[in-house]
>>> print(open('work.cif').read())   # mmCIF, C-alpha atoms and all ligand atoms
data_work
#
loop_
_atom_site.label_atom_id
_atom_site.label_comp_id
_atom_site.auth_asym_id
_atom_site.auth_seq_id
_atom_site.Cartn_x
_atom_site.Cartn_y
_atom_site.Cartn_z
CA MET A 1 0.00 0.00 0.00
CA LEU A 2 1.12 3.54 -0.80
CA LYS A 3 4.21 2.06 -2.40
CA ILE A 4 4.76 4.91 -4.88
CA LEU A 5 4.26 7.55 -2.18
CA ARG A 6 6.76 5.81 0.11
CA GLU A 7 9.46 5.39 -2.54
CA SER A 8 9.10 8.93 -3.85
CA LEU A 9 9.37 10.43 -0.34
CA LEU A 10 12.52 8.47 0.40
CA ASN A 11 14.03 9.96 -2.77
CA ALA A 12 12.89 13.55 -2.11
CA PRO A 13 15.59 16.23 -2.24
CA ILE A 14 16.02 18.64 0.68
CA VAL A 15 16.69 22.38 0.45
CA HIS A 16 17.09 24.97 3.20
CA ARG A 17 14.59 27.71 3.90
CA GLY A 18 16.40 29.52 6.71
CA LYS A 19 16.77 26.87 9.42
CA TYR A 20 13.92 24.81 7.97
CA HIS A 21 14.77 21.59 6.11
CA TYR A 22 12.30 21.70 3.25
CA PHE A 23 11.64 18.49 1.32
CA ILE A 24 10.62 18.72 -2.33
CA HIS A 25 8.11 16.20 -3.63
CA PRO A 26 5.56 15.87 -6.47
CA ILE A 27 2.58 15.98 -4.06
CA SER A 28 3.81 19.03 -2.15
CA ASP A 29 5.52 20.93 -4.95
CA GLY A 30 4.63 19.49 -8.35
CA VAL A 31 8.41 19.08 -8.60
CA PRO A 32 9.62 16.67 -9.83
CA ARG A 33 6.64 15.90 -12.08
CA LEU A 34 3.52 14.47 -10.51
CA GLU A 35 2.95 11.12 -12.21
CA PRO A 36 -0.72 10.11 -12.58
CA GLU A 37 0.01 6.78 -10.88
CA LEU A 38 1.08 8.59 -7.70
CA LEU A 39 -1.93 10.92 -7.80
CA GLU A 40 -4.20 7.91 -8.35
CA GLU A 41 -2.63 5.95 -5.47
CA VAL A 42 -2.95 8.89 -3.08
CA THR A 43 -6.48 10.00 -4.01
CA GLU A 44 -7.90 6.45 -3.98
CA HIS A 45 -6.38 5.99 -0.55
CA ILE A 46 -7.87 9.27 0.66
CA LEU A 47 -11.34 8.20 -0.49
CA GLY A 48 -10.96 5.01 1.53
CA MET A 49 -10.24 7.06 4.68
CA VAL A 50 -12.99 9.70 4.64
CA SER A 51 -16.73 9.72 5.07
CA ARG A 52 -18.50 10.43 1.73
CA ASP A 53 -20.86 12.80 3.43
CA PHE A 54 -19.50 16.10 2.01
CA ASP A 55 -20.98 18.52 -0.50
CA LYS A 56 -17.89 20.68 -1.10
CA ILE A 57 -14.19 20.01 -1.17
CA ILE A 58 -11.86 22.72 0.14
CA ALA A 59 -8.32 22.92 -1.21
CA ILE A 60 -5.64 25.29 0.02
CA GLU A 61 -3.63 26.99 -2.74
CA ALA A 62 -1.40 25.81 -4.24
CA MET A 63 -0.79 22.13 -3.70
CA GLY A 64 -4.20 21.17 -2.35
CA ILE A 65 -5.46 21.84 -5.89
CA PRO A 66 -4.34 18.69 -7.78
CA LEU A 67 -5.63 16.54 -4.91
CA ALA A 68 -9.00 18.31 -4.86
CA THR A 69 -9.27 18.12 -8.65
CA ALA A 70 -8.74 14.36 -8.66
CA ILE A 71 -11.14 13.82 -5.73
CA SER A 72 -13.74 16.05 -7.36
CA MET A 73 -13.58 14.10 -10.62
CA LYS A 74 -13.88 10.78 -8.77
CA THR A 75 -16.81 11.87 -6.58
CA GLY A 76 -18.65 14.47 -8.68
CA VAL A 77 -18.40 16.93 -5.74
CA PRO A 78 -17.27 20.53 -6.54
CA PHE A 79 -14.24 22.16 -4.93
CA CYS A 80 -13.39 25.65 -3.68
CA ILE A 81 -9.85 26.94 -3.51
CA ILE A 82 -8.66 28.95 -0.54
CA ARG A 83 -6.65 31.57 -2.43
CA LYS A 84 -3.57 33.58 -1.52
CA ARG A 85 -5.02 36.71 -3.11
CA PRO A 86 -8.25 38.59 -2.50
CA TYR A 87 -11.10 39.05 -4.98
CA GLY A 88 -13.05 41.60 -2.96
CA LEU A 89 -16.32 39.70 -3.39
CA GLU A 90 -19.06 40.06 -0.81
CA GLY A 91 -18.64 37.55 2.00
CA GLU A 92 -14.93 36.95 1.32
CA ILE A 93 -13.14 35.93 4.51
CA LYS A 94 -9.50 36.81 5.15
CA LEU A 95 -7.31 34.73 7.40
CA SER A 96 -3.67 34.90 8.39
CA GLN A 97 -1.53 31.89 7.57
CA GLU A 98 1.71 31.17 9.35
CA THR A 99 3.82 28.11 8.50
CA GLY A 100 7.30 27.09 9.70
CA TYR A 101 8.86 29.22 6.94
CA SER A 102 6.32 31.76 5.72
CA LYS A 103 3.58 34.21 6.67
CA GLY A 104 0.75 35.47 4.53
CA GLU A 105 -2.96 35.93 4.02
CA LEU A 106 -5.51 33.43 2.72
CA TYR A 107 -8.98 34.25 1.36
CA ILE A 108 -12.08 32.06 1.54
CA ASN A 109 -14.94 32.50 -0.91
CA ASP A 110 -18.18 30.60 -1.57
CA ILE A 111 -18.36 28.70 1.70
CA SER A 112 -21.59 29.23 3.62
CA GLU A 113 -23.42 28.20 6.74
CA GLY A 114 -24.55 24.57 6.57
CA ASP A 115 -21.95 23.47 4.00
CA ARG A 116 -20.45 20.05 4.68
CA VAL A 117 -16.82 20.27 3.62
CA LEU A 118 -13.93 17.92 3.09
CA ILE A 119 -10.61 19.73 3.61
CA VAL A 120 -7.69 18.39 1.66
CA ASP A 121 -4.08 19.54 1.67
CA ASP A 122 -0.64 18.26 0.76
CA VAL A 123 1.38 18.87 3.95
CA ILE A 124 0.81 19.67 7.61
CA SER A 125 3.78 20.90 9.58
CA THR A 126 3.14 23.42 12.38
CA GLY A 127 -0.62 23.13 11.82
CA GLY A 128 -0.84 26.94 11.66
CA THR A 129 -2.64 26.95 8.32
CA LEU A 130 -5.33 24.50 9.42
CA VAL A 131 -5.88 26.18 12.80
CA ALA A 132 -6.61 29.46 11.01
CA LEU A 133 -8.85 27.76 8.43
CA MET A 134 -10.82 25.75 11.01
CA SER A 135 -11.61 28.76 13.12
CA ALA A 136 -12.81 30.69 10.05
CA LEU A 137 -15.04 27.78 8.97
CA LYS A 138 -16.48 27.58 12.47
CA ARG A 139 -17.36 31.28 12.32
CA VAL A 140 -19.07 30.74 8.96
CA GLY A 141 -21.06 27.78 10.30
CA ALA A 142 -19.72 25.15 7.89
CA THR A 143 -19.29 21.56 9.10
CA VAL A 144 -15.99 19.83 8.39
CA THR A 145 -16.72 16.16 7.63
CA ASP A 146 -13.01 15.24 7.42
CA THR A 147 -9.65 16.95 7.21
CA ILE A 148 -7.15 14.92 5.27
CA VAL A 149 -3.54 15.79 4.61
CA VAL A 150 -1.19 13.55 2.66
CA ILE A 151 2.15 14.26 4.37
CA GLU A 152 2.62 14.99 8.07
CA ARG A 153 5.78 16.38 9.60
CA GLY A 154 6.32 18.21 12.87
CA ASP A 155 3.77 18.48 15.66
CA GLY A 156 0.83 20.05 13.82
CA VAL A 157 -1.45 17.02 14.13
CA SER A 158 -0.99 16.75 17.91
CA ARG A 159 -1.36 20.52 18.25
CA LEU A 160 -4.73 20.29 16.49
CA LYS A 161 -5.76 17.25 18.52
CA GLU A 162 -5.31 19.30 21.71
CA MET A 163 -7.84 21.71 20.20
CA ASP A 164 -10.19 18.76 19.50
CA ILE A 165 -9.55 18.91 15.76
CA ASP A 166 -8.95 15.56 14.11
CA VAL A 167 -6.62 15.52 11.11
CA LYS A 168 -6.04 12.31 9.15
CA THR A 169 -2.76 11.85 7.33
CA LEU A 170 -1.41 9.20 4.97
CA VAL A 171 2.21 9.32 6.04
CA ARG A 172 4.26 10.82 8.87
CA ILE A 173 7.83 11.74 8.02
CA ASP A 174 10.90 13.19 9.62
CA VAL A 175 13.11 15.53 7.61
CA THR A 176 16.80 16.17 8.24
CA GLU A 177 19.48 17.57 5.99
CA LYS A 178 20.20 13.97 4.93
CA GLY A 179 16.70 13.38 3.64
CA VAL A 180 13.25 12.08 4.46
CA SER A 181 12.58 9.11 6.72
CA ILE A 182 9.18 7.45 7.12
CA GLU A 183 7.92 7.29 10.72
CA ASP A 184 4.48 5.88 9.97
CA ILE A 185 2.44 5.14 6.86
CA HIS A 186 -1.27 4.39 6.61
CA GLU A 187 -2.05 0.80 5.63
O1 LIG A 201 1.15 23.19 8.92
P1 LIG A 201 1.74 24.47 8.39
O2 LIG A 201 3.04 24.83 9.06
O3 LIG A 201 0.75 25.58 8.41
O4 LIG A 201 2.18 24.21 6.88
C1 LIG A 201 1.34 23.61 5.96
C2 LIG A 201 1.09 24.47 4.76
O5 LIG A 201 2.33 24.65 4.08
C3 LIG A 201 2.14 24.32 2.72
O6 LIG A 201 1.68 25.42 2.01
P2 LIG A 201 2.59 26.57 1.41
O7 LIG A 201 2.22 27.83 2.11
O8 LIG A 201 4.04 26.17 1.40
O9 LIG A 201 2.00 26.69 -0.04
P3 LIG A 201 2.11 25.90 -1.41
O10 LIG A 201 1.04 24.82 -1.35
O11 LIG A 201 1.80 26.97 -2.37
O12 LIG A 201 3.51 25.31 -1.54
C4 LIG A 201 1.04 23.27 2.75
O13 LIG A 201 0.36 23.21 1.51
C5 LIG A 201 0.14 23.74 3.84
O14 LIG A 201 -0.90 24.58 3.35
N1 LIG A 202 7.19 20.89 -0.03
C1 LIG A 202 7.10 21.14 1.27
N2 LIG A 202 5.99 21.72 1.74
C2 LIG A 202 5.93 21.95 3.07
N3 LIG A 202 4.93 22.49 3.82
C3 LIG A 202 5.36 22.51 5.10
N4 LIG A 202 6.59 21.98 5.18
C4 LIG A 202 6.97 21.62 3.93
C5 LIG A 202 8.16 21.03 3.40
O1 LIG A 202 9.16 20.73 4.08
N5 LIG A 202 8.16 20.81 2.04
#
>>> encode(input="work.cif", output="structure tokens")
Amino acid sequence: MLKILRESLLNAPIVHRGKYHYFIHPISDGVPRLEPELLEEVTEHILGMVSRDFDKIIAIEAMGIPLATAISMKTGVPFCIIRKRPYGLEGEIKLSQETGYSKGELYINDISEGDRVLIVDDVISTGGTLVALMSALKRVGATVTDTIVVIERGDGVSRLKEMDIDVKTLVRIDVTEKGVSIEDIHE
């Protein structure tokens, strides 16, 4: 199971963003190329882990988008992208995103009270992005049916658990300057 994901992570190059060891992988960067077999393996696995009870998929720009596209085409459910730039539409919600290596704003559009949403993203690290998104969705009155992230590193998942937010992940990794190691992988 998840054979292509495992192999590709073990071969992922590492670059430095300040003190942060940043791995580069097709799912999280689109670099090197994202082969359809990997996307298929990952999205099929995701669909086996989530409840099918959602009426919108939420993807966070940029690398939630290929995952959401594939899940949308498999399920027939539409997806909204949380964008890094504003549109100025009525009802747009701005939130502040802070990761281990960046800070910025995110903008939510077309999510309303009563929506049942599946959140999908490529990586969770500090959990800062999801904490900000969850609190905005709560304010809107949307229900999150599942939050699924392909690659987990750092303590973001336990940080969210302490806040009673459950995040499912496919693989947990550790990253050092030597490369990626797999700590746990979903069967
Ligand atoms: O758990 P956190 O520390 O908040 O980090 C996770 C976020 O970092 C990555 O996004 P990034 O901002 O690098 O954007 P990208 O998808 O455009 O590469 C990833 O897609 C998550 O959204
Ligand atoms: N590609 C990539 N995305 C991330 N998002 C949070 N951490 C990382 C990382 O190390 N690599």
>>> residues_around(input="work.cif", residues="A:Gly141", least_positions_apart="6", cutoff="8 Å", atoms="all atoms listed in the file", output="PyMOL selection string")
chain A and resi 112-115
>>> residues_near_point(input="work.cif", point="(-19.0, 22.1, -4.3)", cutoff="10 Å", atoms="all atoms listed in the file", output="ChimeraX atom specification")
/A:54-58,72,76-80,110-111,115-118
>>> residues_near_point(input="work.cif", point="(-5.5, 26.6, -0.5)", cutoff="9 Å", atoms="only C-alpha atoms", output="short mmCIF file (atom, residue, chain, number, x, y, z; two decimals) with C-alpha atoms, in the frame of the given file")
data_model
loop_
_atom_site.label_atom_id
_atom_site.label_comp_id
_atom_site.auth_asym_id
_atom_site.auth_seq_id
_atom_site.Cartn_x
_atom_site.Cartn_y
_atom_site.Cartn_z
CA ILE A 58 -11.86 22.72 0.14
CA ALA A 59 -8.32 22.92 -1.21
CA ILE A 60 -5.64 25.29 0.02
CA GLU A 61 -3.63 26.99 -2.74
CA ALA A 62 -1.40 25.81 -4.24
CA MET A 63 -0.79 22.13 -3.70
CA GLY A 64 -4.20 21.17 -2.35
CA ILE A 65 -5.46 21.84 -5.89
CA CYS A 80 -13.39 25.65 -3.68
CA ILE A 81 -9.85 26.94 -3.51
CA ILE A 82 -8.66 28.95 -0.54
CA ARG A 83 -6.65 31.57 -2.43
CA LYS A 84 -3.57 33.58 -1.52
CA LEU A 106 -5.51 33.43 2.72
CA TYR A 107 -8.98 34.25 1.36
CA ILE A 108 -12.08 32.06 1.54
CA VAL A 120 -7.69 18.39 1.66
CA ASP A 121 -4.08 19.54 1.67
#
>>> closest_atom_pairs(input="work.cif", of="chain A", to="ligand LIG 202 (chain A)", cutoff="10 Å", atoms="all atoms listed in the file", output="JSON lines")
{"residue": "A:Ala12", "atom": "CA", "partner": "A:LIG202", "partner_atom": "N1", "distance": 9.5}
{"residue": "A:Pro13", "atom": "CA", "partner": "A:LIG202", "partner_atom": "N5", "distance": 9.7}
{"residue": "A:Ile14", "atom": "CA", "partner": "A:LIG202", "partner_atom": "O1", "distance": 7.9}
{"residue": "A:Val15", "atom": "CA", "partner": "A:LIG202", "partner_atom": "O1", "distance": 8.5}
{"residue": "A:His16", "atom": "CA", "partner": "A:LIG202", "partner_atom": "O1", "distance": 9.0}
{"residue": "A:Arg17", "atom": "CA", "partner": "A:LIG202", "partner_atom": "O1", "distance": 8.8}
{"residue": "A:Tyr20", "atom": "CA", "partner": "A:LIG202", "partner_atom": "O1", "distance": 7.4}
{"residue": "A:His21", "atom": "CA", "partner": "A:LIG202", "partner_atom": "O1", "distance": 6.0}
{"residue": "A:Tyr22", "atom": "CA", "partner": "A:LIG202", "partner_atom": "O1", "distance": 3.4}
{"residue": "A:Phe23", "atom": "CA", "partner": "A:LIG202", "partner_atom": "N5", "distance": 4.2}
{"residue": "A:Ile24", "atom": "CA", "partner": "A:LIG202", "partner_atom": "N1", "distance": 4.7}
{"residue": "A:His25", "atom": "CA", "partner": "A:LIG202", "partner_atom": "N1", "distance": 6.0}
{"residue": "A:Pro26", "atom": "CA", "partner": "A:LIG202", "partner_atom": "N1", "distance": 8.3}
{"residue": "A:Ile27", "atom": "CA", "partner": "A:LIG202", "partner_atom": "N1", "distance": 7.8}
{"residue": "A:Ser28", "atom": "CA", "partner": "A:LIG202", "partner_atom": "N1", "distance": 4.4}
{"residue": "A:Asp29", "atom": "CA", "partner": "A:LIG202", "partner_atom": "N1", "distance": 5.2}
{"residue": "A:Gly30", "atom": "CA", "partner": "A:LIG202", "partner_atom": "N1", "distance": 8.8}
{"residue": "A:Val31", "atom": "CA", "partner": "A:LIG202", "partner_atom": "N1", "distance": 8.8}
{"residue": "A:Met63", "atom": "CA", "partner": "A:LIG202", "partner_atom": "N2", "distance": 8.7}
{"residue": "A:Thr99", "atom": "CA", "partner": "A:LIG202", "partner_atom": "C3", "distance": 6.7}
{"residue": "A:Gly100", "atom": "CA", "partner": "A:LIG202", "partner_atom": "C3", "distance": 6.8}
{"residue": "A:Tyr101", "atom": "CA", "partner": "A:LIG202", "partner_atom": "C3", "distance": 7.8}
{"residue": "A:Ser102", "atom": "CA", "partner": "A:LIG202", "partner_atom": "C3", "distance": 9.3}
{"residue": "A:Asp121", "atom": "CA", "partner": "A:LIG202", "partner_atom": "N3", "distance": 9.7}
{"residue": "A:Asp122", "atom": "CA", "partner": "A:LIG202", "partner_atom": "N2", "distance": 7.5}
{"residue": "A:Val123", "atom": "CA", "partner": "A:LIG202", "partner_atom": "N3", "distance": 5.1}
{"residue": "A:Ile124", "atom": "CA", "partner": "A:LIG202", "partner_atom": "C3", "distance": 5.9}
{"residue": "A:Ser125", "atom": "CA", "partner": "A:LIG202", "partner_atom": "C3", "distance": 5.0}
{"residue": "A:Thr126", "atom": "CA", "partner": "A:LIG202", "partner_atom": "C3", "distance": 7.7}
{"residue": "A:Gly127", "atom": "CA", "partner": "A:LIG202", "partner_atom": "C3", "distance": 9.0}
{"residue": "A:Thr129", "atom": "CA", "partner": "A:LIG202", "partner_atom": "C3", "distance": 9.7}
{"residue": "A:Ile151", "atom": "CA", "partner": "A:LIG202", "partner_atom": "C2", "distance": 8.7}
{"residue": "A:Glu152", "atom": "CA", "partner": "A:LIG202", "partner_atom": "C3", "distance": 8.5}
{"residue": "A:Arg153", "atom": "CA", "partner": "A:LIG202", "partner_atom": "N4", "distance": 7.2}
{"residue": "A:Gly154", "atom": "CA", "partner": "A:LIG202", "partner_atom": "N4", "distance": 8.6}
{"residue": "A:Ile173", "atom": "CA", "partner": "A:LIG202", "partner_atom": "O1", "distance": 9.9}
{"residue": "A:Asp174", "atom": "CA", "partner": "A:LIG202", "partner_atom": "O1", "distance": 9.5}
{"residue": "A:Val175", "atom": "CA", "partner": "A:LIG202", "partner_atom": "O1", "distance": 7.4}
{"residue": "A:Thr176", "atom": "CA", "partner": "A:LIG202", "partner_atom": "O1", "distance": 9.8}
{"residue": "A:Val180", "atom": "CA", "partner": "A:LIG202", "partner_atom": "O1", "distance": 9.6}
>>> atom_distance(input="work.cif", atom1="atom CA of A:Leu133", atom2="atom O9 of ligand LIG 201 (chain A)")
13.8 Å
>>> axis_aligned_box(input="work.cif", around="ligand LIG 201 (chain A)", padding_each_side="5 Å", output="lines of an AutoDock Vina configuration file")
center_x = 1.6
center_y = 25.5
center_z = 3.3
size_x = 14.9
size_y = 14.6
size_z = 21.4
>>> residues_around(input="work.cif", residues="stretch 44-47 of chain A", least_positions_apart="4", cutoff="9 Å", atoms="all atoms listed in the file", output="ChimeraX atom specification")
/A:1-2,39-40,51-52,71,74-75,148-150,169-170,186
>>> build_atoms(input="work.cif", residues="stretch 77-94 of chain A", atoms="N, CA and C atoms", output="short mmCIF file (atom, residue, chain, number, x, y, z; two decimals), in the frame of the given file")
data_model
loop_
_atom_site.label_atom_id
_atom_site.label_comp_id
_atom_site.auth_asym_id
_atom_site.auth_seq_id
_atom_site.Cartn_x
_atom_site.Cartn_y
_atom_site.Cartn_z
N VAL A 77 -18.16 15.84 -6.70
CA VAL A 77 -18.40 16.93 -5.74
C VAL A 77 -17.52 18.13 -6.13
N PRO A 78 -18.07 19.36 -6.14
CA PRO A 78 -17.27 20.53 -6.54
C PRO A 78 -16.23 20.92 -5.48
N PHE A 79 -15.22 21.69 -5.92
CA PHE A 79 -14.24 22.16 -4.93
C PHE A 79 -14.03 23.66 -5.00
N CYS A 80 -13.73 24.24 -3.81
CA CYS A 80 -13.39 25.65 -3.68
C CYS A 80 -11.92 25.74 -3.32
N ILE A 81 -11.26 26.75 -3.84
CA ILE A 81 -9.85 26.94 -3.51
C ILE A 81 -9.70 28.11 -2.55
N ILE A 82 -9.02 27.86 -1.45
CA ILE A 82 -8.66 28.95 -0.54
C ILE A 82 -7.45 29.63 -1.18
N ARG A 83 -7.65 30.89 -1.61
CA ARG A 83 -6.65 31.57 -2.43
C ARG A 83 -5.71 32.43 -1.59
N LYS A 84 -4.55 32.72 -2.19
CA LYS A 84 -3.57 33.58 -1.52
C LYS A 84 -3.76 35.04 -1.91
N ARG A 85 -4.74 35.31 -2.79
CA ARG A 85 -5.02 36.71 -3.11
C ARG A 85 -6.52 36.98 -2.99
N PRO A 86 -6.85 38.25 -2.69
CA PRO A 86 -8.25 38.59 -2.50
C PRO A 86 -8.96 38.87 -3.83
N TYR A 87 -10.28 38.68 -3.83
CA TYR A 87 -11.10 39.05 -4.98
C TYR A 87 -12.00 40.24 -4.66
N GLY A 88 -12.20 40.47 -3.36
CA GLY A 88 -13.05 41.60 -2.96
C GLY A 88 -14.52 41.30 -3.14
N LEU A 89 -14.91 40.04 -3.27
CA LEU A 89 -16.32 39.70 -3.39
C LEU A 89 -16.99 39.80 -2.01
N GLU A 90 -18.31 40.01 -2.06
CA GLU A 90 -19.06 40.06 -0.81
C GLU A 90 -18.93 38.72 -0.08
N GLY A 91 -18.71 38.78 1.20
CA GLY A 91 -18.64 37.55 2.00
C GLY A 91 -17.25 36.92 2.04
N GLU A 92 -16.29 37.51 1.30
CA GLU A 92 -14.93 36.95 1.32
C GLU A 92 -14.35 37.04 2.75
N ILE A 93 -13.71 35.95 3.16
CA ILE A 93 -13.14 35.93 4.51
C ILE A 93 -11.62 35.88 4.41
N LYS A 94 -10.97 36.76 5.18
CA LYS A 94 -9.50 36.81 5.15
C LYS A 94 -8.97 36.12 6.39
#
